Amino acid sequence: MPSKVVVIRGRGSRPEPGRTDEAVVGRMLDRGMTLLTGRTTAAEAVRAVFSPSDRVGLKINGIAGRALTTPPEVALPLARLLVQAGLAARNIAVWDRSNRELREAGYRLNVEGGEFRIFGTDTAGLGYESEPLIHGNIGSLFSRVQTGFVTASVSLAVLKDHGLAGVTAGMKNYFGAVHNPNKYHDAHCDPFVAELFEAAPVKARHRLTILDALTVQYHRGPSYHARWAERAETFVLSLDPVAADAAGWRLIESLRRAKGLPTLAEDGRAPAYIQTAERLGLGRAGTADIQVVEDEV
Amino acid sequence: MTNMERREFLRAAAGAGLVLGTDGRRVLADAYAFGQKPSLSRVEARYYKKLEDREVECELCPRRCRLGDKERGYCGVRENDGGTYLTLVYGKPCTMNADPIEKKPFFHVLPGTRAFSIATAGCNVNCKFCQNWEISQVRAEQLSPVDLSPAEAARTAVDYGCRTVAYTYSEPVVFYEYMFDTAVEARKLGVRSVVVTGGYINPEPLEALTKVVSAIKVDLKAFNQDFYADYVRGDLQPVLEAVKLISRSRVWMELVYLVIPTLNDAPDEIRRMSRWILKEVGPDVPLHFTRFQPMYLIKNLPPTPVSTLESLRRIALEEGVHFVYTGNVPGHEGENTYCPKCRRILVRRYVFDIEAFDIKEGRCPSCQTPIPGMWA
């Protein structure tokens with residue numbers, strides 16, 4: 001069976017740079033999840049992926065500020081969808097490295113629960129594990145959010161060109177789950193992205209990748225440059241983390257081609273970590289092994 | 001805490017013999033104390049160039065990190081902010097202490113004195129055997145730095161009777177600007193500066209540094225590129241170039257080689273290294289073989305056998321290096337300084353203590369052989 005990737009477009013989801021239409025996003029998520037799981041309703045689709053007792057971490061990417069981050073208008077509708085499916089709101093955390101980055105991305109912090117928890121690893125009482133976990137070339141302290149709170153993880157990443165990695169997508173989003181991501185930028189982040197994902201705190205918990213491609217920085221990423229940012233108004237969903245990233249890579253290449261830019265390989269920075277991840281058995285990267293389902297809401 | 005309160009705290013704590021401990025685990029835990037906010041500087045870095053589209057290229061170390069807006073260098077403490085490269089740790093030491101200078105180790109620099117030792121977070125390599133990884137392999141905001149300007153650091157050294165300021169514990173190359181400016185301030189007060197580094201730095205900033213500091217200790221972590229690639233995440237050749245550059249300067253230099261069982265303890269390698277030292281630096285550079293303890297990412301190897309240290313020390317002496325020491329072996333004869341000609345013990349040490357000092361006007365009192373170093 002090939003790995004399924006759903007590419008769902010939502011016209012009007014990003015009506016202008018920096019603004020997100022939450023209602024359209026909600027419809028995109030509903031449709032994307034049902035297509036991904038083959039279930040009739042979005043709630044059933046969620047229950048096919050998560051159990052009611054799961055504590056779900058929605059790992060966003062907030063590093064690039066308001067212009068190019070997973071916005072609240074994407075993370076919060078997903079969190080509400082999980083609640084509609086029967087998960088407890090207090091068991092859902094929208095999180096990233098720091099509270100500062102979350103605030104700058106437009107989130108209102110909520111540590112104690114109530115509705116959804118929204119916090120950074122640097123929240124008092126959280127932080128990182130005290131002993132480094134060693135896996136392959138990885139030696140890192142993992143966020144206690146990932147190791148201590150989360151039982152099921154969603155990589156809710158922003159799809160971007162990346163000057164070092166080639167592409168940053170769902171797997172690389174977990175760089176934000178360790179204390180020393182800067183140590184993994186050598187050699188185009190290969191094999192580090194794949195090995196970090198393979199490490200137990202990530203691999204054992206990861207359930208779903210959703211790439212936020214509402215705006216795609218297809219060149220000069222990962223920071224925001226309006227000149228090379230395309231409002232693609234797209235989500236990429238998959239249960240296969242490698243297939244999701246491979247599909248994201250193809251989306252970036254198609255945008256680059258359309259704009260007359262060289263391929264990432266020609267630019268000397270093809271995301272080789274995706275192939276490495278496939279070799280490690282984390283998922284599938286080849287087009288023949290991936291079934292792409294496209295739709296629009 | 002205001003700057004003044006910090007200074008008062010610092011001085012009071014320093015008076016008790018400890019400013020901030022080097023127990024990084026405690027520091028890491030403290031960083032998440034309730035309500036604490038990260039404290040980063042926003043000072044423009046030196047040695048970088050601006051590129052198109054708000055990108056920058058760091059020119060401080062051989063990595064030459066090329067960074068987009070908001071990205072950090074490999075060191076974790078330098079950040080591109082809209083096309084301006086910033087150091088986040090200027091005046092933000094996370095660790096301070098008044099150490100015996102022998103602890104660095106410097107054995108030929110002002111023996112028996114204390115060095116006001118400071119460090120910030122960060123490092124430009126990632127040694128799997130790092131002994132201070134809790135501060136070197138983290139980002140600045142993951143620690144609890146205090147505010148201490150270069151002038152304040154120099155003044156604090158004087159206040160507590162330190163003859164030197166040592167930039168140590170983590171990797172001072174990554175806090176270059178703070179180190180450089182502190183060295184300038186310290187020199188105004190008659191305090192010298194000593195640097196403890198892996199030597200992974202580009203020639204231009206290193207050359208400038210040699211104009212303001214008095215001594216540099218270089219950790220030569222192995223004498224083969226494979227080890228540097230696999231266990232250091234760096235390259236050997238730039239380190240060798242740095243050693244050569246320092247040896248041509250007016251700065252005193254010592255070399256340290258941490259001996260890790262099975263990884264960098266091959267006798268042939270030590271013999272080749274000793275010959276290289278003789279050719280490029282000369283016989284008088286002190287060479288310390290220190291004992292490894294399982295640490296950080298290498299916990300599956302035993303401590304270095306003392307016999308290995310002795311064997312490697314013997315090789316270096318045979319090759320003609322004059323001052324070869326063993327470290328982290330308390331009471332070992334390799335802690336002492338011997339006259340290279342008559343073998344008289346000139347400095348008898350026990351760990352960091354000087355038990356006897358018998359160098360007269362820079363010479364062996366028996367045979368009058370000059371003993372190089374900064375003795376006063």
# chains A, B, ... in the order shown; residues from 1 in each chain; ligands from 1
call {"tool": "residues_around", "arguments": {"residues": "Ala265 of chain A", "least_positions_apart": "2", "cutoff": "12 Å", "atoms": "only C-alpha atoms", "output": "PyMOL selection string"}}
result
chain A and resi 165-167+188+249+253+256+261-263+267-272
call {"tool": "write_last_selection", "arguments": {"atoms": "C-alpha atoms", "output": "PDB file, in the first residue's frame"}}
result
ATOM      1  CA  ALA A 165      18.334  21.993   4.848  1.00  0.00           C
ATOM      2  CA  GLY A 166      16.820  22.726   1.442  1.00  0.00           C
ATOM      3  CA  VAL A 167      13.316  22.267   2.775  1.00  0.00           C
ATOM      4  CA  HIS A 188      22.383  20.205   4.986  1.00  0.00           C
ATOM      5  CA  TRP A 249       9.444  19.321  -1.288  1.00  0.00           C
ATOM      6  CA  GLU A 253      10.101  22.649  -6.484  1.00  0.00           C
ATOM      7  CA  ARG A 256      10.521  27.376  -7.965  1.00  0.00           C
ATOM      8  CA  LEU A 261      14.460  29.349 -10.189  1.00  0.00           C
ATOM      9  CA  PRO A 262      16.892  26.409 -10.209  1.00  0.00           C
ATOM     10  CA  THR A 263      15.929  23.206  -8.456  1.00  0.00           C
ATOM     11  CA  ASP A 267      21.249  25.029  -5.939  1.00  0.00           C
ATOM     12  CA  GLY A 268      23.365  22.466  -4.081  1.00  0.00           C
ATOM     13  CA  ARG A 269      20.945  21.934  -1.239  1.00  0.00           C
ATOM     14  CA  ALA A 270      18.535  19.129  -2.041  1.00  0.00           C
ATOM     15  CA  PRO A 271      16.982  17.879   1.200  1.00  0.00           C
ATOM     16  CA  ALA A 272      18.879  14.602   1.327  1.00  0.00           C
TER      17      ALA A 272
END
call {"tool": "select_by_dssp", "arguments": {"residues": "segment 214-266 of chain B", "states": "strand (DSSP E or B)", "output": "MDAnalysis selection string"}}
result
chainID B and resid 215:219 252:259
call {"tool": "select_by_dssp", "arguments": {"residues": "segment 85-331 of chain B", "states": "alpha helix (DSSP H)", "output": "mmCIF file with C-alpha atoms, in the first residue's frame"}}
result
data_model
loop_
_atom_site.group_PDB
_atom_site.id
_atom_site.type_symbol
_atom_site.label_atom_id
_atom_site.label_comp_id
_atom_site.auth_asym_id
_atom_site.auth_seq_id
_atom_site.Cartn_x
_atom_site.Cartn_y
_atom_site.Cartn_z
ATOM 1 C CA TRP B 133 28.425 20.738 28.017
ATOM 2 C CA GLU B 134 25.761 22.087 30.335
ATOM 3 C CA ILE B 135 26.931 25.592 29.500
ATOM 4 C CA SER B 136 28.757 25.160 26.201
ATOM 5 C CA PRO B 150 33.793 44.397 30.502
ATOM 6 C CA ALA B 151 34.788 47.197 32.869
ATOM 7 C CA GLU B 152 32.956 45.518 35.736
ATOM 8 C CA ALA B 153 34.596 42.187 34.984
ATOM 9 C CA ALA B 154 38.037 43.815 35.044
ATOM 10 C CA ARG B 155 37.228 45.647 38.269
ATOM 11 C CA THR B 156 35.948 42.446 39.878
ATOM 12 C CA ALA B 157 39.194 40.680 39.034
ATOM 13 C CA VAL B 158 41.142 43.414 40.789
ATOM 14 C CA ASP B 159 38.807 43.453 43.772
ATOM 15 C CA TYR B 176 34.767 37.139 21.240
ATOM 16 C CA GLU B 177 33.543 40.732 21.537
ATOM 17 C CA TYR B 178 32.991 40.462 25.266
ATOM 18 C CA MET B 179 36.359 38.775 25.741
ATOM 19 C CA PHE B 180 38.182 41.334 23.626
ATOM 20 C CA ASP B 181 36.670 44.358 25.347
ATOM 21 C CA THR B 182 37.210 42.862 28.792
ATOM 22 C CA ALA B 183 40.858 42.227 27.951
ATOM 23 C CA VAL B 184 41.232 45.872 26.969
ATOM 24 C CA GLU B 185 39.591 47.052 30.186
ATOM 25 C CA ALA B 186 41.609 44.635 32.304
ATOM 26 C CA ARG B 187 44.865 45.770 30.805
ATOM 27 C CA LYS B 188 44.090 49.342 31.891
ATOM 28 C CA PRO B 203 43.185 34.159 11.454
ATOM 29 C CA GLU B 204 42.005 37.783 11.349
ATOM 30 C CA PRO B 205 40.101 37.802 14.661
ATOM 31 C CA LEU B 206 42.789 35.644 16.271
ATOM 32 C CA GLU B 207 45.518 38.031 15.210
ATOM 33 C CA ALA B 208 43.609 40.936 16.713
ATOM 34 C CA LEU B 209 43.074 38.970 19.901
ATOM 35 C CA THR B 210 46.775 38.305 20.319
ATOM 36 C CA GLN B 225 40.923 14.911 10.839
ATOM 37 C CA ASP B 226 38.640 11.903 11.280
ATOM 38 C CA PHE B 227 38.516 12.444 15.012
ATOM 39 C CA LEU B 236 41.861 19.961 12.492
ATOM 40 C CA GLN B 237 43.681 22.150 9.989
ATOM 41 C CA PRO B 238 42.282 25.519 11.137
ATOM 42 C CA VAL B 239 43.304 24.631 14.682
ATOM 43 C CA LEU B 240 46.834 23.867 13.555
ATOM 44 C CA GLU B 241 46.909 27.183 11.700
ATOM 45 C CA ALA B 242 45.748 28.945 14.851
ATOM 46 C CA VAL B 243 48.515 27.282 16.874
ATOM 47 C CA LYS B 244 51.080 28.415 14.333
ATOM 48 C CA LEU B 245 49.719 31.958 14.332
ATOM 49 C CA ILE B 246 49.836 32.166 18.135
ATOM 50 C CA SER B 247 53.362 30.791 18.195
ATOM 51 C CA ARG B 248 54.479 33.624 15.907
ATOM 52 C CA PRO B 267 51.339 6.262 20.088
ATOM 53 C CA ASP B 268 52.051 6.945 16.411
ATOM 54 C CA GLU B 269 49.638 9.837 16.431
ATOM 55 C CA ILE B 270 51.307 11.356 19.468
ATOM 56 C CA ARG B 271 54.706 10.921 17.897
ATOM 57 C CA ARG B 272 53.572 12.682 14.711
ATOM 58 C CA MET B 273 51.990 15.447 16.760
ATOM 59 C CA SER B 274 55.140 15.903 18.830
ATOM 60 C CA ARG B 275 57.224 16.222 15.688
ATOM 61 C CA TRP B 276 54.792 18.738 14.248
ATOM 62 C CA ILE B 277 54.968 20.771 17.474
ATOM 63 C CA LEU B 278 58.743 20.780 17.369
ATOM 64 C CA LYS B 279 58.789 21.868 13.746
ATOM 65 C CA GLU B 280 56.064 24.500 13.838
ATOM 66 C CA VAL B 306 47.482 6.439 34.027
ATOM 67 C CA SER B 307 49.883 4.144 32.212
ATOM 68 C CA THR B 308 48.617 5.520 28.885
ATOM 69 C CA LEU B 309 49.262 9.086 29.971
ATOM 70 C CA GLU B 310 52.734 8.107 31.112
ATOM 71 C CA SER B 311 53.471 6.357 27.859
ATOM 72 C CA LEU B 312 52.346 9.311 25.731
ATOM 73 C CA ARG B 313 54.245 11.756 27.909
ATOM 74 C CA ARG B 314 57.350 9.641 27.432
ATOM 75 C CA ILE B 315 56.923 9.734 23.650
ATOM 76 C CA ALA B 316 56.646 13.516 23.582
ATOM 77 C CA LEU B 317 59.723 13.868 25.799
ATOM 78 C CA GLU B 318 61.645 11.426 23.622
ATOM 79 C CA GLU B 319 60.766 13.490 20.580
#
call {"tool": "residues_around", "arguments": {"residues": "segment 88-95 of chain A", "least_positions_apart": "2", "cutoff": "10 Å", "atoms": "only C-alpha atoms", "output": "JSON, numbers by chain"}}
result
{"A": [52, 53, 54, 55, 56, 57, 58, 59, 60, 61, 62, 72, 75, 76, 78, 79, 80, 82, 83, 84, 85, 86, 97, 98, 99, 101, 102, 107, 109, 110, 111, 112, 113, 114, 115, 116, 117, 118, 119, 120, 121, 145, 146, 149, 150, 151, 152, 153, 154, 156, 176, 177]}
call {"tool": "atom_distance", "arguments": {"atom1": "atom CA of Lys104 of chain B", "atom2": "atom CA of Leu141 of chain A"}}
result
27.5 Å
call {"tool": "atom_distance", "arguments": {"atom1": "atom CA of Thr168 of chain B", "atom2": "atom CA of Leu258 of chain B"}}
result
15.8 Å
call {"tool": "atom_distance", "arguments": {"atom1": "atom CA of Tyr228 of chain B", "atom2": "atom CA of Val256 of chain B"}}
result
15.1 Å
call {"tool": "residues_around", "arguments": {"residues": "Ala232 of chain A", "least_positions_apart": "2", "cutoff": "7 Å", "atoms": "only C-alpha atoms", "output": "compact mmCIF listing (two decimals) with C-alpha atoms, in the first residue's frame"}}
result
# COMPACT_ATOMS: atom_id res chain seq x y z
CA ALA A 213 1.43 25.83 3.05
CA LEU A 214 -1.00 28.72 3.15
CA THR A 215 1.99 30.87 2.28
CA VAL A 216 5.00 29.05 0.91
CA GLU A 230 3.48 32.38 -2.70
CA THR A 234 -2.77 24.69 0.85
call {"tool": "interface_residues", "arguments": {"of": "chain A", "to": "chain B", "cutoff": "10 Å", "atoms": "only C-alpha atoms", "output": "PyMOL selection string"}}
result
chain A and resi 63-65+98+100+121-135+137-141+162-164+179-186+220-225
call {"tool": "closest_residue", "arguments": {"among": "A:Leu159, A:Ala244, A:Leu239, A:Ile274", "to": "Asp190 of chain A", "atoms": "only C-alpha atoms"}}
result
A:Ile274
call {"tool": "residues_around", "arguments": {"residues": "segment 16-32 of chain A", "least_positions_apart": "5", "cutoff": "8 Å", "atoms": "only C-alpha atoms", "output": "PyMOL selection string"}}
result
chain A and resi 6-11+41-42+66-68+71+73-74+77-78+81+215+231+235+237+296-297
call {"tool": "write_last_selection", "arguments": {"atoms": "N, CA and C atoms", "output": "PDB file, in the first residue's frame"}}
result
ATOM      1  N   VAL A   6      -2.573  13.873   1.434  1.00  0.00           N
ATOM      2  CA  VAL A   6      -3.699  14.709   1.000  1.00  0.00           C
ATOM      3  C   VAL A   6      -3.219  16.135   0.830  1.00  0.00           C
ATOM      4  N   VAL A   7      -3.492  16.671  -0.340  1.00  0.00           N
ATOM      5  CA  VAL A   7      -3.167  18.080  -0.618  1.00  0.00           C
ATOM      6  C   VAL A   7      -4.498  18.805  -0.775  1.00  0.00           C
ATOM      7  N   ILE A   8      -4.799  19.642   0.181  1.00  0.00           N
ATOM      8  CA  ILE A   8      -6.114  20.284   0.190  1.00  0.00           C
ATOM      9  C   ILE A   8      -5.945  21.790   0.069  1.00  0.00           C
ATOM     10  N   ARG A   9      -6.680  22.344  -0.876  1.00  0.00           N
ATOM     11  CA  ARG A   9      -6.578  23.786  -1.103  1.00  0.00           C
ATOM     12  C   ARG A   9      -7.849  24.473  -0.610  1.00  0.00           C
ATOM     13  N   GLY A  10      -7.683  25.633  -0.081  1.00  0.00           N
ATOM     14  CA  GLY A  10      -8.829  26.382   0.433  1.00  0.00           C
ATOM     15  C   GLY A  10      -8.793  27.811  -0.080  1.00  0.00           C
ATOM     16  N   ARG A  11      -9.591  28.043  -1.092  1.00  0.00           N
ATOM     17  CA  ARG A  11      -9.574  29.390  -1.678  1.00  0.00           C
ATOM     18  C   ARG A  11     -10.034  30.414  -0.636  1.00  0.00           C
ATOM     19  N   THR A  41     -16.894  11.449   8.607  1.00  0.00           N
ATOM     20  CA  THR A  41     -16.909  12.769   9.251  1.00  0.00           C
ATOM     21  C   THR A  41     -15.518  13.083   9.800  1.00  0.00           C
ATOM     22  N   ALA A  42     -15.313  14.367  10.047  1.00  0.00           N
ATOM     23  CA  ALA A  42     -14.019  14.787  10.581  1.00  0.00           C
ATOM     24  C   ALA A  42     -13.785  14.204  11.974  1.00  0.00           C
ATOM     25  N   ARG A  66       5.189  36.706  12.724  1.00  0.00           N
ATOM     26  CA  ARG A  66       3.787  36.643  12.319  1.00  0.00           C
ATOM     27  C   ARG A  66       3.613  36.297  10.840  1.00  0.00           C
ATOM     28  N   ALA A  67       4.569  36.734  10.024  1.00  0.00           N
ATOM     29  CA  ALA A  67       4.384  36.601   8.578  1.00  0.00           C
ATOM     30  C   ALA A  67       4.489  35.165   8.095  1.00  0.00           C
ATOM     31  N   LEU A  68       5.216  34.341   8.810  1.00  0.00           N
ATOM     32  CA  LEU A  68       5.509  33.013   8.272  1.00  0.00           C
ATOM     33  C   LEU A  68       5.585  32.008   9.410  1.00  0.00           C
ATOM     34  N   PRO A  71      -0.146  29.999  12.325  1.00  0.00           N
ATOM     35  CA  PRO A  71      -0.911  31.003  13.076  1.00  0.00           C
ATOM     36  C   PRO A  71      -1.962  30.362  13.986  1.00  0.00           C
ATOM     37  N   GLU A  73      -4.959  30.843  13.870  1.00  0.00           N
ATOM     38  CA  GLU A  73      -6.139  30.528  13.050  1.00  0.00           C
ATOM     39  C   GLU A  73      -6.021  29.159  12.384  1.00  0.00           C
ATOM     40  N   VAL A  74      -4.854  28.539  12.478  1.00  0.00           N
ATOM     41  CA  VAL A  74      -4.690  27.166  11.992  1.00  0.00           C
ATOM     42  C   VAL A  74      -4.654  26.186  13.164  1.00  0.00           C
ATOM     43  N   PRO A  77      -8.328  25.934  15.288  1.00  0.00           N
ATOM     44  CA  PRO A  77      -9.372  25.090  14.687  1.00  0.00           C
ATOM     45  C   PRO A  77      -9.040  23.597  14.750  1.00  0.00           C
ATOM     46  N   LEU A  78      -7.758  23.264  14.611  1.00  0.00           N
ATOM     47  CA  LEU A  78      -7.382  21.853  14.731  1.00  0.00           C
ATOM     48  C   LEU A  78      -7.614  21.366  16.163  1.00  0.00           C
ATOM     49  N   LEU A  81     -11.206  20.772  16.639  1.00  0.00           N
ATOM     50  CA  LEU A  81     -11.627  19.544  15.959  1.00  0.00           C
ATOM     51  C   LEU A  81     -11.340  18.322  16.833  1.00  0.00           C
ATOM     52  N   THR A 215       0.995  30.080   2.991  1.00  0.00           N
ATOM     53  CA  THR A 215       1.991  30.872   2.280  1.00  0.00           C
ATOM     54  C   THR A 215       3.260  30.035   2.229  1.00  0.00           C
ATOM     55  N   ARG A 231       1.204  32.705  -1.994  1.00  0.00           N
ATOM     56  CA  ARG A 231       0.014  32.315  -1.235  1.00  0.00           C
ATOM     57  C   ARG A 231      -0.594  31.084  -1.897  1.00  0.00           C
ATOM     58  N   PHE A 235      -2.939  22.944   2.510  1.00  0.00           N
ATOM     59  CA  PHE A 235      -2.415  22.081   3.575  1.00  0.00           C
ATOM     60  C   PHE A 235      -1.981  20.765   2.944  1.00  0.00           C
ATOM     61  N   LEU A 237      -1.371  16.904   4.267  1.00  0.00           N
ATOM     62  CA  LEU A 237      -1.598  16.039   5.427  1.00  0.00           C
ATOM     63  C   LEU A 237      -1.127  14.623   5.111  1.00  0.00           C
ATOM     64  N   GLU A 296     -10.207  20.483  -3.103  1.00  0.00           N
ATOM     65  CA  GLU A 296     -10.292  21.915  -2.802  1.00  0.00           C
ATOM     66  C   GLU A 296     -11.589  22.182  -2.078  1.00  0.00           C
ATOM     67  N   VAL A 297     -11.564  23.101  -1.136  1.00  0.00           N
ATOM     68  CA  VAL A 297     -12.818  23.496  -0.473  1.00  0.00           C
ATOM     69  C   VAL A 297     -13.057  24.967  -0.758  1.00  0.00           C
TER      70      VAL A 297
END
call {"tool": "residues_around", "arguments": {"residues": "segment 191-202 of chain B", "least_positions_apart": "5", "cutoff": "6 Å", "atoms": "only C-alpha atoms", "output": "number ranges by chain"}}
result
B: 60-62, 163-168, 171, 183, 186, 213-219, 239, 242
call {"tool": "residues_around", "arguments": {"residues": "Met374 of chain B", "least_positions_apart": "4", "cutoff": "7 Å", "atoms": "only C-alpha atoms", "output": "PDB file with N, CA and C atoms, in the first residue's frame"}}
result
ATOM      1  N   HIS B 108      52.935  27.602  33.141  1.00  0.00           N
ATOM      2  CA  HIS B 108      54.063  28.524  32.982  1.00  0.00           C
ATOM      3  C   HIS B 108      53.587  29.973  33.021  1.00  0.00           C
ATOM      4  N   VAL B 109      52.441  30.213  33.593  1.00  0.00           N
ATOM      5  CA  VAL B 109      51.887  31.568  33.666  1.00  0.00           C
ATOM      6  C   VAL B 109      51.558  31.880  35.126  1.00  0.00           C
ATOM      7  N   LEU B 110      52.308  32.786  35.703  1.00  0.00           N
ATOM      8  CA  LEU B 110      52.038  33.297  37.050  1.00  0.00           C
ATOM      9  C   LEU B 110      51.620  32.191  38.021  1.00  0.00           C
TER      10      LEU B 110
END
call {"tool": "closest_residue", "arguments": {"among": "B:Pro370, B:Gly282, B:Gly83, B:Pro365", "to": "Arg344 of chain B", "atoms": "only C-alpha atoms"}}
result
B:Pro365
call {"tool": "closest_residue", "arguments": {"among": "B:Pro111, B:Pro372, B:Arg363, B:Glu254", "to": "Arg348 of chain B", "atoms": "only C-alpha atoms"}}
result
B:Pro111
